[in-house]
Structure formats: structure tokens, C-alpha cells
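Below is run_21.cif, holding mmCIF, N, CA and C atoms.
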data_protein
loop_
_atom_site.label_atom_id
_atom_site.label_comp_id
_atom_site.auth_asym_id
_atom_site.auth_seq_id
_atom_site.Cartn_x
_atom_site.Cartn_y
_atom_site.Cartn_z
N MET A 1 -69.32 29.71 18.28
CA MET A 1 -69.02 28.59 19.16
C MET A 1 -68.69 27.38 18.29
N ASP A 2 -67.54 26.82 18.52
CA ASP A 2 -67.12 25.68 17.73
C ASP A 2 -67.17 24.38 18.54
N LYS A 3 -66.67 23.33 17.94
CA LYS A 3 -66.69 22.00 18.56
C LYS A 3 -65.93 21.96 19.89
N VAL A 4 -64.81 22.66 19.98
CA VAL A 4 -64.01 22.68 21.21
C VAL A 4 -64.77 23.40 22.33
N ASP A 5 -65.41 24.53 21.98
CA ASP A 5 -66.21 25.25 22.98
C ASP A 5 -67.33 24.36 23.51
N ARG A 6 -67.97 23.64 22.61
CA ARG A 6 -69.05 22.74 23.04
C ARG A 6 -68.51 21.62 23.94
N LYS A 7 -67.31 21.17 23.64
CA LYS A 7 -66.70 20.13 24.48
C LYS A 7 -66.38 20.69 25.87
N ILE A 8 -65.91 21.93 25.94
CA ILE A 8 -65.65 22.58 27.22
C ILE A 8 -66.95 22.65 28.02
N LEU A 9 -68.01 23.10 27.37
CA LEU A 9 -69.31 23.22 28.05
C LEU A 9 -69.81 21.86 28.53
N ALA A 10 -69.66 20.85 27.69
CA ALA A 10 -70.13 19.51 28.06
C ALA A 10 -69.37 19.00 29.29
N GLU A 11 -68.07 19.20 29.31
CA GLU A 11 -67.26 18.74 30.45
C GLU A 11 -67.65 19.48 31.73
N LEU A 12 -67.87 20.79 31.62
CA LEU A 12 -68.23 21.57 32.81
C LEU A 12 -69.63 21.23 33.31
N GLN A 13 -70.53 20.84 32.41
CA GLN A 13 -71.85 20.41 32.86
C GLN A 13 -71.76 19.13 33.68
N LEU A 14 -70.83 18.28 33.33
CA LEU A 14 -70.65 17.03 34.07
C LEU A 14 -69.94 17.25 35.40
N ASP A 15 -68.98 18.20 35.40
CA ASP A 15 -68.22 18.47 36.62
C ASP A 15 -67.77 19.93 36.61
N GLY A 16 -68.53 20.78 37.27
CA GLY A 16 -68.24 22.20 37.32
C GLY A 16 -67.04 22.54 38.19
N ARG A 17 -66.53 21.56 38.90
CA ARG A 17 -65.37 21.80 39.77
C ARG A 17 -64.05 21.38 39.13
N LEU A 18 -64.09 21.06 37.85
CA LEU A 18 -62.84 20.68 37.18
C LEU A 18 -61.82 21.81 37.28
N SER A 19 -60.59 21.44 37.55
CA SER A 19 -59.53 22.44 37.52
C SER A 19 -59.29 22.81 36.06
N LEU A 20 -58.72 23.96 35.85
CA LEU A 20 -58.41 24.39 34.49
C LEU A 20 -57.47 23.40 33.81
N THR A 21 -56.54 22.86 34.57
CA THR A 21 -55.60 21.88 34.03
C THR A 21 -56.33 20.63 33.56
N ASP A 22 -57.24 20.12 34.39
CA ASP A 22 -58.00 18.92 34.00
C ASP A 22 -58.92 19.20 32.82
N LEU A 23 -59.55 20.37 32.82
CA LEU A 23 -60.43 20.73 31.71
C LEU A 23 -59.64 20.79 30.40
N ALA A 24 -58.49 21.45 30.43
CA ALA A 24 -57.66 21.56 29.23
C ALA A 24 -57.26 20.18 28.71
N GLU A 25 -56.91 19.31 29.64
CA GLU A 25 -56.51 17.95 29.25
C GLU A 25 -57.69 17.20 28.60
N ARG A 26 -58.86 17.31 29.19
CA ARG A 26 -60.03 16.59 28.68
C ARG A 26 -60.47 17.07 27.30
N VAL A 27 -60.25 18.35 27.01
CA VAL A 27 -60.69 18.87 25.71
C VAL A 27 -59.55 18.96 24.70
N GLY A 28 -58.35 18.56 25.12
CA GLY A 28 -57.22 18.51 24.19
C GLY A 28 -56.59 19.85 23.87
N LEU A 29 -56.56 20.75 24.85
CA LEU A 29 -55.92 22.05 24.66
C LEU A 29 -54.83 22.26 25.69
N SER A 30 -53.92 23.17 25.40
CA SER A 30 -52.97 23.58 26.43
C SER A 30 -53.69 24.57 27.35
N LEU A 31 -53.06 24.88 28.46
CA LEU A 31 -53.69 25.67 29.50
C LEU A 31 -54.16 27.06 29.04
N SER A 32 -53.29 27.81 28.38
CA SER A 32 -53.63 29.19 27.99
C SER A 32 -54.80 29.27 27.01
N PRO A 33 -54.81 28.50 25.92
CA PRO A 33 -55.97 28.56 25.02
C PRO A 33 -57.27 28.10 25.69
N CYS A 34 -57.17 27.13 26.57
CA CYS A 34 -58.36 26.66 27.29
C CYS A 34 -58.88 27.78 28.19
N HIS A 35 -57.98 28.45 28.88
CA HIS A 35 -58.36 29.55 29.76
C HIS A 35 -59.02 30.68 28.96
N ARG A 36 -58.46 31.04 27.81
CA ARG A 36 -59.04 32.09 26.96
C ARG A 36 -60.45 31.72 26.51
N ARG A 37 -60.61 30.46 26.10
CA ARG A 37 -61.94 30.01 25.64
C ARG A 37 -62.94 30.02 26.79
N LEU A 38 -62.50 29.58 27.95
CA LEU A 38 -63.37 29.55 29.12
C LEU A 38 -63.84 30.97 29.46
N ARG A 39 -62.92 31.91 29.49
CA ARG A 39 -63.27 33.31 29.78
C ARG A 39 -64.24 33.85 28.73
N ALA A 40 -64.01 33.52 27.46
CA ALA A 40 -64.89 33.99 26.39
C ALA A 40 -66.30 33.41 26.56
N LEU A 41 -66.39 32.15 26.96
CA LEU A 41 -67.69 31.52 27.20
C LEU A 41 -68.40 32.18 28.38
N GLU A 42 -67.66 32.54 29.39
CA GLU A 42 -68.25 33.25 30.55
C GLU A 42 -68.70 34.65 30.15
N GLU A 43 -67.87 35.36 29.40
CA GLU A 43 -68.21 36.72 28.98
C GLU A 43 -69.40 36.77 28.03
N SER A 44 -69.56 35.73 27.22
CA SER A 44 -70.70 35.68 26.29
C SER A 44 -71.97 35.19 26.98
N HIS A 45 -71.84 34.81 28.24
CA HIS A 45 -72.94 34.29 29.07
C HIS A 45 -73.41 32.90 28.63
N ALA A 46 -72.61 32.20 27.82
CA ALA A 46 -72.91 30.80 27.56
C ALA A 46 -72.78 30.03 28.88
N ILE A 47 -71.84 30.47 29.72
CA ILE A 47 -71.72 29.98 31.09
C ILE A 47 -72.24 31.11 31.97
N SER A 48 -73.35 30.86 32.65
CA SER A 48 -73.97 31.93 33.43
C SER A 48 -73.55 31.91 34.90
N GLY A 49 -72.86 30.87 35.32
CA GLY A 49 -72.41 30.81 36.71
C GLY A 49 -72.03 29.39 37.10
N TYR A 50 -71.57 29.28 38.33
CA TYR A 50 -71.17 27.99 38.89
C TYR A 50 -71.83 27.88 40.26
N ARG A 51 -72.29 26.67 40.60
CA ARG A 51 -72.88 26.49 41.92
C ARG A 51 -72.90 25.02 42.29
N ALA A 52 -73.08 24.77 43.58
CA ALA A 52 -73.16 23.39 44.06
C ALA A 52 -74.57 22.87 43.84
N GLN A 53 -74.67 21.62 43.50
CA GLN A 53 -75.97 20.96 43.33
C GLN A 53 -76.28 20.25 44.64
N LEU A 54 -77.36 20.66 45.31
CA LEU A 54 -77.69 20.12 46.62
C LEU A 54 -78.76 19.05 46.52
N ASP A 55 -78.78 18.16 47.49
CA ASP A 55 -79.77 17.10 47.57
C ASP A 55 -80.88 17.54 48.52
N ALA A 56 -82.04 17.87 47.96
CA ALA A 56 -83.16 18.38 48.76
C ALA A 56 -83.55 17.40 49.86
N GLU A 57 -83.60 16.12 49.54
CA GLU A 57 -84.01 15.12 50.53
C GLU A 57 -83.03 15.06 51.70
N ALA A 58 -81.74 15.12 51.40
CA ALA A 58 -80.73 15.09 52.46
C ALA A 58 -80.83 16.33 53.36
N LEU A 59 -81.41 17.40 52.83
CA LEU A 59 -81.58 18.64 53.59
C LEU A 59 -82.96 18.74 54.23
N GLY A 60 -83.73 17.64 54.19
CA GLY A 60 -85.02 17.62 54.85
C GLY A 60 -86.17 18.20 54.04
N LEU A 61 -85.94 18.49 52.77
CA LEU A 61 -87.00 19.01 51.91
C LEU A 61 -87.54 17.85 51.08
N THR A 62 -88.39 17.05 51.69
CA THR A 62 -88.83 15.79 51.09
C THR A 62 -90.17 15.89 50.37
N PHE A 63 -90.81 17.05 50.42
CA PHE A 63 -92.12 17.23 49.81
C PHE A 63 -91.97 18.15 48.61
N GLU A 64 -92.42 17.69 47.45
CA GLU A 64 -92.33 18.51 46.23
C GLU A 64 -93.68 18.54 45.55
N ALA A 65 -94.04 19.72 45.07
CA ALA A 65 -95.31 19.89 44.36
C ALA A 65 -95.10 20.79 43.16
N LEU A 66 -95.98 20.60 42.18
CA LEU A 66 -96.07 21.50 41.05
C LEU A 66 -97.34 22.30 41.25
N VAL A 67 -97.24 23.61 41.16
CA VAL A 67 -98.38 24.48 41.38
C VAL A 67 -98.65 25.24 40.10
N PHE A 68 -99.87 25.11 39.60
CA PHE A 68 -100.30 25.82 38.40
C PHE A 68 -101.04 27.08 38.83
N VAL A 69 -100.66 28.21 38.25
CA VAL A 69 -101.22 29.50 38.64
C VAL A 69 -101.98 30.08 37.46
N THR A 70 -103.25 30.42 37.71
CA THR A 70 -104.04 31.15 36.73
C THR A 70 -104.22 32.57 37.26
N MET A 71 -103.87 33.53 36.41
CA MET A 71 -103.93 34.93 36.82
C MET A 71 -105.31 35.52 36.54
N ARG A 72 -105.68 36.47 37.38
CA ARG A 72 -106.95 37.19 37.20
C ARG A 72 -106.81 38.16 36.02
N ASP A 73 -105.70 38.87 35.96
CA ASP A 73 -105.43 39.85 34.91
C ASP A 73 -104.05 39.59 34.34
N GLY A 74 -103.88 39.91 33.06
CA GLY A 74 -102.59 39.69 32.42
C GLY A 74 -101.89 40.98 32.05
N ASP A 75 -102.26 42.10 32.67
CA ASP A 75 -101.62 43.36 32.33
C ASP A 75 -100.18 43.38 32.85
N ARG A 76 -99.38 44.25 32.29
CA ARG A 76 -97.95 44.30 32.61
C ARG A 76 -97.67 44.51 34.10
N ALA A 77 -98.40 45.41 34.70
CA ALA A 77 -98.15 45.72 36.11
C ALA A 77 -98.43 44.51 37.00
N THR A 78 -99.52 43.81 36.73
CA THR A 78 -99.87 42.63 37.52
C THR A 78 -98.84 41.52 37.32
N VAL A 79 -98.47 41.28 36.08
CA VAL A 79 -97.49 40.24 35.77
C VAL A 79 -96.16 40.57 36.44
N ALA A 80 -95.73 41.82 36.34
CA ALA A 80 -94.46 42.22 36.96
C ALA A 80 -94.51 42.07 38.48
N ALA A 81 -95.63 42.46 39.09
CA ALA A 81 -95.77 42.34 40.54
C ALA A 81 -95.76 40.88 40.96
N PHE A 82 -96.46 40.02 40.22
CA PHE A 82 -96.49 38.59 40.52
C PHE A 82 -95.07 38.01 40.42
N GLU A 83 -94.39 38.29 39.32
CA GLU A 83 -93.07 37.71 39.09
C GLU A 83 -92.05 38.17 40.13
N GLU A 84 -92.14 39.41 40.52
CA GLU A 84 -91.24 39.92 41.55
C GLU A 84 -91.52 39.25 42.90
N ALA A 85 -92.81 39.10 43.23
CA ALA A 85 -93.18 38.51 44.51
C ALA A 85 -92.85 37.02 44.57
N VAL A 86 -93.11 36.28 43.49
CA VAL A 86 -92.86 34.84 43.51
C VAL A 86 -91.36 34.56 43.59
N ALA A 87 -90.54 35.44 43.04
CA ALA A 87 -89.09 35.27 43.10
C ALA A 87 -88.56 35.40 44.52
N GLU A 88 -89.33 36.00 45.40
CA GLU A 88 -88.91 36.19 46.80
C GLU A 88 -89.25 34.99 47.69
N ILE A 89 -90.04 34.06 47.20
CA ILE A 89 -90.43 32.89 48.00
C ILE A 89 -89.36 31.82 47.86
N ARG A 90 -88.66 31.57 48.93
CA ARG A 90 -87.50 30.67 48.89
C ARG A 90 -87.86 29.23 48.51
N ASN A 91 -89.04 28.78 48.82
CA ASN A 91 -89.42 27.40 48.52
C ASN A 91 -89.76 27.18 47.04
N VAL A 92 -89.91 28.25 46.29
CA VAL A 92 -90.18 28.14 44.86
C VAL A 92 -88.84 28.00 44.15
N LEU A 93 -88.58 26.79 43.64
CA LEU A 93 -87.31 26.52 42.98
C LEU A 93 -87.30 27.00 41.55
N ARG A 94 -88.48 26.98 40.93
CA ARG A 94 -88.59 27.36 39.52
C ARG A 94 -89.97 27.92 39.29
N ALA A 95 -90.03 29.00 38.54
CA ALA A 95 -91.31 29.59 38.15
C ALA A 95 -91.23 29.86 36.65
N GLN A 96 -92.19 29.30 35.92
CA GLN A 96 -92.18 29.44 34.47
C GLN A 96 -93.49 30.05 34.00
N ARG A 97 -93.39 31.07 33.15
CA ARG A 97 -94.58 31.65 32.54
C ARG A 97 -94.90 30.80 31.31
N LEU A 98 -96.16 30.45 31.17
CA LEU A 98 -96.59 29.54 30.11
C LEU A 98 -97.47 30.25 29.09
N PHE A 99 -97.55 29.70 27.89
CA PHE A 99 -98.54 30.13 26.93
C PHE A 99 -99.85 29.44 27.28
N GLY A 100 -100.96 30.12 27.16
CA GLY A 100 -102.26 29.49 27.40
C GLY A 100 -102.60 29.46 28.87
N ASP A 101 -103.43 28.49 29.22
CA ASP A 101 -103.93 28.36 30.59
C ASP A 101 -103.42 27.05 31.16
N PRO A 102 -102.83 27.02 32.30
CA PRO A 102 -102.62 28.10 33.26
C PRO A 102 -101.51 29.05 32.80
N ASP A 103 -101.33 30.13 33.56
CA ASP A 103 -100.36 31.15 33.19
C ASP A 103 -98.95 30.85 33.67
N TYR A 104 -98.83 30.17 34.81
CA TYR A 104 -97.52 29.88 35.40
C TYR A 104 -97.47 28.46 35.93
N LEU A 105 -96.27 27.92 35.96
CA LEU A 105 -95.99 26.64 36.61
C LEU A 105 -94.88 26.88 37.62
N LEU A 106 -95.13 26.50 38.87
CA LEU A 106 -94.14 26.67 39.94
C LEU A 106 -93.70 25.30 40.43
N GLN A 107 -92.42 25.13 40.64
CA GLN A 107 -91.88 23.93 41.28
C GLN A 107 -91.56 24.34 42.71
N VAL A 108 -92.20 23.67 43.67
CA VAL A 108 -92.12 24.07 45.07
C VAL A 108 -91.64 22.90 45.92
N VAL A 109 -90.74 23.17 46.86
CA VAL A 109 -90.32 22.15 47.81
C VAL A 109 -90.66 22.62 49.22
N ALA A 110 -90.86 21.64 50.09
CA ALA A 110 -91.15 21.92 51.50
C ALA A 110 -90.68 20.74 52.33
N LYS A 111 -90.64 20.97 53.63
CA LYS A 111 -90.23 19.91 54.56
C LYS A 111 -91.26 18.78 54.58
N ASP A 112 -92.53 19.15 54.58
CA ASP A 112 -93.61 18.17 54.65
C ASP A 112 -94.91 18.81 54.17
N VAL A 113 -95.99 18.05 54.22
CA VAL A 113 -97.28 18.54 53.72
C VAL A 113 -97.78 19.73 54.54
N ARG A 114 -97.53 19.73 55.82
CA ARG A 114 -97.97 20.87 56.66
C ARG A 114 -97.27 22.16 56.24
N GLU A 115 -95.96 22.06 56.02
CA GLU A 115 -95.22 23.25 55.61
C GLU A 115 -95.72 23.71 54.23
N PHE A 116 -95.98 22.75 53.34
CA PHE A 116 -96.50 23.12 52.02
C PHE A 116 -97.86 23.79 52.14
N GLN A 117 -98.73 23.26 52.99
CA GLN A 117 -100.05 23.86 53.17
C GLN A 117 -99.93 25.29 53.67
N ARG A 118 -99.06 25.50 54.63
CA ARG A 118 -98.83 26.84 55.17
C ARG A 118 -98.32 27.78 54.07
N LEU A 119 -97.38 27.32 53.29
CA LEU A 119 -96.83 28.08 52.18
C LEU A 119 -97.93 28.40 51.16
N TYR A 120 -98.73 27.42 50.84
CA TYR A 120 -99.82 27.56 49.87
C TYR A 120 -100.84 28.59 50.36
N ASP A 121 -101.26 28.45 51.62
CA ASP A 121 -102.30 29.32 52.18
C ASP A 121 -101.81 30.73 52.47
N GLU A 122 -100.57 30.85 52.95
CA GLU A 122 -100.10 32.15 53.44
C GLU A 122 -99.28 32.94 52.44
N GLN A 123 -98.66 32.26 51.48
CA GLN A 123 -97.82 33.01 50.53
C GLN A 123 -98.28 32.88 49.09
N LEU A 124 -98.45 31.65 48.62
CA LEU A 124 -98.80 31.47 47.21
C LEU A 124 -100.17 32.06 46.86
N SER A 125 -101.16 31.82 47.71
CA SER A 125 -102.50 32.33 47.42
C SER A 125 -102.58 33.85 47.54
N ASP A 126 -101.62 34.47 48.22
CA ASP A 126 -101.60 35.93 48.37
C ASP A 126 -100.76 36.64 47.32
N LEU A 127 -100.22 35.91 46.37
CA LEU A 127 -99.42 36.55 45.33
C LEU A 127 -100.29 37.49 44.50
N PRO A 128 -99.73 38.61 44.04
CA PRO A 128 -100.51 39.58 43.26
C PRO A 128 -101.14 38.97 42.01
N GLY A 129 -102.42 39.25 41.82
CA GLY A 129 -103.12 38.87 40.59
C GLY A 129 -103.58 37.43 40.48
N VAL A 130 -103.36 36.62 41.51
CA VAL A 130 -103.71 35.20 41.41
C VAL A 130 -105.23 35.02 41.48
N GLN A 131 -105.74 34.31 40.50
CA GLN A 131 -107.16 33.95 40.50
C GLN A 131 -107.36 32.55 41.07
N ARG A 132 -106.49 31.62 40.61
CA ARG A 132 -106.66 30.22 41.03
C ARG A 132 -105.31 29.52 41.09
N LEU A 133 -105.14 28.67 42.09
CA LEU A 133 -103.98 27.80 42.23
C LEU A 133 -104.46 26.36 42.15
N THR A 134 -103.72 25.54 41.44
CA THR A 134 -103.99 24.11 41.40
C THR A 134 -102.66 23.42 41.59
N SER A 135 -102.63 22.43 42.46
CA SER A 135 -101.35 21.76 42.70
C SER A 135 -101.47 20.26 42.50
N THR A 136 -100.34 19.68 42.20
CA THR A 136 -100.23 18.24 42.09
C THR A 136 -98.92 17.84 42.76
N LEU A 137 -98.91 16.70 43.39
CA LEU A 137 -97.73 16.25 44.12
C LEU A 137 -96.81 15.46 43.20
N VAL A 138 -95.52 15.64 43.42
CA VAL A 138 -94.53 14.90 42.65
C VAL A 138 -94.31 13.56 43.35
N MET A 139 -94.54 12.49 42.62
CA MET A 139 -94.34 11.15 43.17
C MET A 139 -92.85 10.80 43.17
N LYS A 140 -92.19 11.11 42.05
CA LYS A 140 -90.79 10.73 41.90
C LYS A 140 -90.19 11.54 40.76
N ASN A 141 -88.96 11.98 40.93
CA ASN A 141 -88.23 12.65 39.85
C ASN A 141 -87.52 11.58 39.03
N VAL A 142 -87.83 11.54 37.76
CA VAL A 142 -87.26 10.52 36.88
C VAL A 142 -86.01 11.05 36.18
N VAL A 143 -86.08 12.26 35.68
CA VAL A 143 -84.94 12.91 35.03
C VAL A 143 -84.75 14.25 35.73
N GLU A 144 -83.54 14.49 36.21
CA GLU A 144 -83.24 15.71 36.94
C GLU A 144 -81.87 16.23 36.53
N ASN A 145 -81.76 17.53 36.43
CA ASN A 145 -80.48 18.19 36.18
C ASN A 145 -79.74 17.60 34.98
N GLN A 146 -80.51 17.31 33.96
CA GLN A 146 -79.94 16.78 32.72
C GLN A 146 -79.08 17.85 32.06
N PRO A 147 -77.89 17.51 31.58
CA PRO A 147 -77.08 18.50 30.87
C PRO A 147 -77.81 18.98 29.60
N LEU A 148 -77.58 20.23 29.23
CA LEU A 148 -78.17 20.73 27.99
C LEU A 148 -77.56 20.00 26.81
N PRO A 149 -78.34 19.73 25.79
CA PRO A 149 -77.79 19.07 24.60
C PRO A 149 -76.92 20.06 23.84
N LEU A 150 -75.72 19.66 23.54
CA LEU A 150 -74.79 20.57 22.85
C LEU A 150 -74.48 20.07 21.48
#

Whole structure, C-alpha cells version:
Amino acid sequence: MDKVDRKILAELQLDGRLSLTDLAERVGLSLSPCHRRLRALEESHAISGYRAQLDAEALGLTFEALVFVTMRDGDRATVAAFEEAVAEIRNVLRAQRLFGDPDYLLQVVAKDVREFQRLYDEQLSDLPGVQRLTSTLVMKNVVENQPLPL
């Protein structure tokens, strides 16, 4: 990956809807070489996909919490079952396995505190292998969707 590839990635992080013509112009390439580089970046999985960035608040998802999960057991089967089950919960935006204690960090959104409580009691606490859940409420997002440093 060279400087031009990094410039392509930087431009697409800022605006994933750029036309190929606009992208080529911004990075100083003609259309064909820009297209070849873009395809190569996609094939190498440096670009893993394209999607719209939605505003949770505008969609009525105004409640956000971080949930720390401590597992009862750390064996492969339990971890795999937990990870498969948590991936099915639509309100979980991000699930990260951590070193140390706790074992996982979940970013969860909900319409309101009642919906979060229901989600917490009926789905999160029933996940395979969970020993303890601890949550904290997000007051405000300060940095969000920051482009990766290239």
C-alpha cells in the first residue's frame, strides 16, 4: 500500500459516496488507474464494505449504555456460544472481547431506559456463560466514527 492508496482510503472514509470520477480527481489519478487501485483495495479487504451512517437519535434510539460482561467460564464452547448469541441481539452495536476482567464490553442502544431494562433482563442476562453484567450510561459521545489514521 503506497501513498496514493492511503489517499484513496482517506477520501473514502470522509465520503464513501464519492463517484469514481470525483475520487480519481481528488487523488490525482485518471479514471482507469483509480478504478484498478480501488478494486485492489477491496479485494485485499483494506476496504471491507460501504454503508450509510445513521443517526441513532433521529431514529428514536436515544438511550446508550456500555455493558461490561464477566463470564463464568472461559472455555471455547462457552465463548463461542456467547459470541454467537450476542451477535444476534440487534441493540448491541459493538461487542469487544477484552484482556483481563471484565471479559467483554458491549455498546448497546435502546429507545429509552425501559427498553434497555427489558433488553438487560430478558436478553443480556440470559446470554450463555454470563456470570455478571455491569452497565454504565453514556452521557455524551465526544468522538464518534473517527476515520482510521492512515

* To do: List the residues matched by the PyMOL selection byres (((chain A and resi 113 and name CA) around 10) and name CA) in the displayed structure as an NGL selection string, ordered by chain and then by residue number.
  => :A and (62-65 or 109-112 or 114-119 or 137)

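Against the coordinates shown, the PyMOL selection byres (((chain A and resi 27 and name CA) around 9) and name CA) returns Val4, Asp5, Lys7, Ile8, Glu11, Asp22, Leu23, Ala24, Glu25, Arg26, Gly28, Leu29 and Cys34 of chain A.
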
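The neighbours of stretch 86-102 of chain A here are the residues that come within 8 Å of it, using only N, CA and C atoms and leaving out any residue fewer than 2 positions away in the same chain; they are Phe68, Val69, Thr70, Met71, Ala80, Ala81, Phe82, Glu83, Glu84, Tyr104, Leu105, Leu106, Gln107, Val108, Val109, Ala110, Gln123, Leu124, Leu127 and Pro128 of chain A.
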
For the residues in the current selection, export N, CA and C atoms as a PDB file, keeping the file's coordinate frame.
ATOM      1  N   PHE A  68     -99.870  25.110  39.600  1.00  0.00           N
ATOM      2  CA  PHE A  68    -100.300  25.820  38.400  1.00  0.00           C
ATOM      3  C   PHE A  68    -101.040  27.080  38.830  1.00  0.00           C
ATOM      4  N   VAL A  69    -100.660  28.210  38.250  1.00  0.00           N
ATOM      5  CA  VAL A  69    -101.220  29.500  38.640  1.00  0.00           C
ATOM      6  C   VAL A  69    -101.980  30.080  37.460  1.00  0.00           C
ATOM      7  N   THR A  70    -103.250  30.420  37.710  1.00  0.00           N
ATOM      8  CA  THR A  70    -104.040  31.150  36.730  1.00  0.00           C
ATOM      9  C   THR A  70    -104.220  32.570  37.260  1.00  0.00           C
ATOM     10  N   MET A  71    -103.870  33.530  36.410  1.00  0.00           N
ATOM     11  CA  MET A  71    -103.930  34.930  36.820  1.00  0.00           C
ATOM     12  C   MET A  71    -105.310  35.520  36.540  1.00  0.00           C
ATOM     13  N   ALA A  80     -95.730  41.820  36.340  1.00  0.00           N
ATOM     14  CA  ALA A  80     -94.460  42.220  36.960  1.00  0.00           C
ATOM     15  C   ALA A  80     -94.510  42.070  38.480  1.00  0.00           C
ATOM     16  N   ALA A  81     -95.630  42.460  39.090  1.00  0.00           N
ATOM     17  CA  ALA A  81     -95.770  42.340  40.540  1.00  0.00           C
ATOM     18  C   ALA A  81     -95.760  40.880  40.960  1.00  0.00           C
ATOM     19  N   PHE A  82     -96.460  40.020  40.220  1.00  0.00           N
ATOM     20  CA  PHE A  82     -96.490  38.590  40.520  1.00  0.00           C
ATOM     21  C   PHE A  82     -95.070  38.010  40.420  1.00  0.00           C
ATOM     22  N   GLU A  83     -94.390  38.290  39.320  1.00  0.00           N
ATOM     23  CA  GLU A  83     -93.070  37.710  39.090  1.00  0.00           C
ATOM     24  C   GLU A  83     -92.050  38.170  40.130  1.00  0.00           C
ATOM     25  N   GLU A  84     -92.140  39.410  40.520  1.00  0.00           N
ATOM     26  CA  GLU A  84     -91.240  39.920  41.550  1.00  0.00           C
ATOM     27  C   GLU A  84     -91.520  39.250  42.900  1.00  0.00           C
ATOM     28  N   TYR A 104     -98.830  30.170  34.810  1.00  0.00           N
ATOM     29  CA  TYR A 104     -97.520  29.880  35.400  1.00  0.00           C
ATOM     30  C   TYR A 104     -97.470  28.460  35.930  1.00  0.00           C
ATOM     31  N   LEU A 105     -96.270  27.920  35.960  1.00  0.00           N
ATOM     32  CA  LEU A 105     -95.990  26.640  36.610  1.00  0.00           C
ATOM     33  C   LEU A 105     -94.880  26.880  37.620  1.00  0.00           C
ATOM     34  N   LEU A 106     -95.130  26.500  38.870  1.00  0.00           N
ATOM     35  CA  LEU A 106     -94.140  26.670  39.940  1.00  0.00           C
ATOM     36  C   LEU A 106     -93.700  25.300  40.430  1.00  0.00           C
ATOM     37  N   GLN A 107     -92.420  25.130  40.640  1.00  0.00           N
ATOM     38  CA  GLN A 107     -91.880  23.930  41.280  1.00  0.00           C
ATOM     39  C   GLN A 107     -91.560  24.340  42.710  1.00  0.00           C
ATOM     40  N   VAL A 108     -92.200  23.670  43.670  1.00  0.00           N
ATOM     41  CA  VAL A 108     -92.120  24.070  45.070  1.00  0.00           C
ATOM     42  C   VAL A 108     -91.640  22.900  45.920  1.00  0.00           C
ATOM     43  N   VAL A 109     -90.740  23.170  46.860  1.00  0.00           N
ATOM     44  CA  VAL A 109     -90.320  22.150  47.810  1.00  0.00           C
ATOM     45  C   VAL A 109     -90.660  22.620  49.220  1.00  0.00           C
ATOM     46  N   ALA A 110     -90.860  21.640  50.090  1.00  0.00           N
ATOM     47  CA  ALA A 110     -91.150  21.920  51.500  1.00  0.00           C
ATOM     48  C   ALA A 110     -90.680  20.740  52.330  1.00  0.00           C
ATOM     49  N   GLN A 123     -98.660  32.260  51.480  1.00  0.00           N
ATOM     50  CA  GLN A 123     -97.820  33.010  50.530  1.00  0.00           C
ATOM     51  C   GLN A 123     -98.280  32.880  49.090  1.00  0.00           C
ATOM     52  N   LEU A 124     -98.450  31.650  48.620  1.00  0.00           N
ATOM     53  CA  LEU A 124     -98.800  31.470  47.210  1.00  0.00           C
ATOM     54  C   LEU A 124    -100.170  32.060  46.860  1.00  0.00           C
ATOM     55  N   LEU A 127    -100.220  35.910  46.370  1.00  0.00           N
ATOM     56  CA  LEU A 127     -99.420  36.550  45.330  1.00  0.00           C
ATOM     57  C   LEU A 127    -100.290  37.490  44.500  1.00  0.00           C
ATOM     58  N   PRO A 128     -99.730  38.610  44.040  1.00  0.00           N
ATOM     59  CA  PRO A 128    -100.510  39.580  43.260  1.00  0.00           C
ATOM     60  C   PRO A 128    -101.140  38.970  42.010  1.00  0.00           C
TER      61      PRO A 128
END

* To do: Quick one: pull the distance between atom CA of A:Thr136 and atom N of A:Val67, Å, one decimal.
  => 6.2 Å

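Interatomic distance, atom CA of A:Thr21 against atom C of A:Pro147: 22.8 Å.
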
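Here atom CA of A:Leu66 and atom N of A:Arg51 stand 24.3 Å from one another.
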
Report the residues of stretch 26-73 of chain A whose backbone DSSP state falls under strand (DSSP E), written as a PDB file with N, CA and C atoms, in the coordinates of the input.
ATOM      1  N   PHE A  63     -90.810  17.050  50.420  1.00  0.00           N
ATOM      2  CA  PHE A  63     -92.120  17.230  49.810  1.00  0.00           C
ATOM      3  C   PHE A  63     -91.970  18.150  48.610  1.00  0.00           C
ATOM      4  N   GLU A  64     -92.420  17.690  47.450  1.00  0.00           N
ATOM      5  CA  GLU A  64     -92.330  18.510  46.230  1.00  0.00           C
ATOM      6  C   GLU A  64     -93.680  18.540  45.550  1.00  0.00           C
ATOM      7  N   ALA A  65     -94.040  19.720  45.070  1.00  0.00           N
ATOM      8  CA  ALA A  65     -95.310  19.890  44.360  1.00  0.00           C
ATOM      9  C   ALA A  65     -95.100  20.790  43.160  1.00  0.00           C
ATOM     10  N   LEU A  66     -95.980  20.600  42.180  1.00  0.00           N
ATOM     11  CA  LEU A  66     -96.070  21.500  41.050  1.00  0.00           C
ATOM     12  C   LEU A  66     -97.340  22.300  41.250  1.00  0.00           C
ATOM     13  N   VAL A  67     -97.240  23.610  41.160  1.00  0.00           N
ATOM     14  CA  VAL A  67     -98.380  24.480  41.380  1.00  0.00           C
ATOM     15  C   VAL A  67     -98.650  25.240  40.100  1.00  0.00           C
ATOM     16  N   PHE A  68     -99.870  25.110  39.600  1.00  0.00           N
ATOM     17  CA  PHE A  68    -100.300  25.820  38.400  1.00  0.00           C
ATOM     18  C   PHE A  68    -101.040  27.080  38.830  1.00  0.00           C
ATOM     19  N   VAL A  69    -100.660  28.210  38.250  1.00  0.00           N
ATOM     20  CA  VAL A  69    -101.220  29.500  38.640  1.00  0.00           C
ATOM     21  C   VAL A  69    -101.980  30.080  37.460  1.00  0.00           C
ATOM     22  N   THR A  70    -103.250  30.420  37.710  1.00  0.00           N
ATOM     23  CA  THR A  70    -104.040  31.150  36.730  1.00  0.00           C
ATOM     24  C   THR A  70    -104.220  32.570  37.260  1.00  0.00           C
ATOM     25  N   MET A  71    -103.870  33.530  36.410  1.00  0.00           N
ATOM     26  CA  MET A  71    -103.930  34.930  36.820  1.00  0.00           C
ATOM     27  C   MET A  71    -105.310  35.520  36.540  1.00  0.00           C
TER      28      MET A  71
END

Once 5 Å is added on each side, what centre and edge lengths in Å to one decimal does the axis-aligned box around all listed atoms of stretch 46-58 of chain A have, as lines of an AutoDock Vina configuration file?
center_x = -77.6
center_y = 23.6
center_z = 40.5
size_x = 22.8
size_y = 27.1
size_z = 35.8
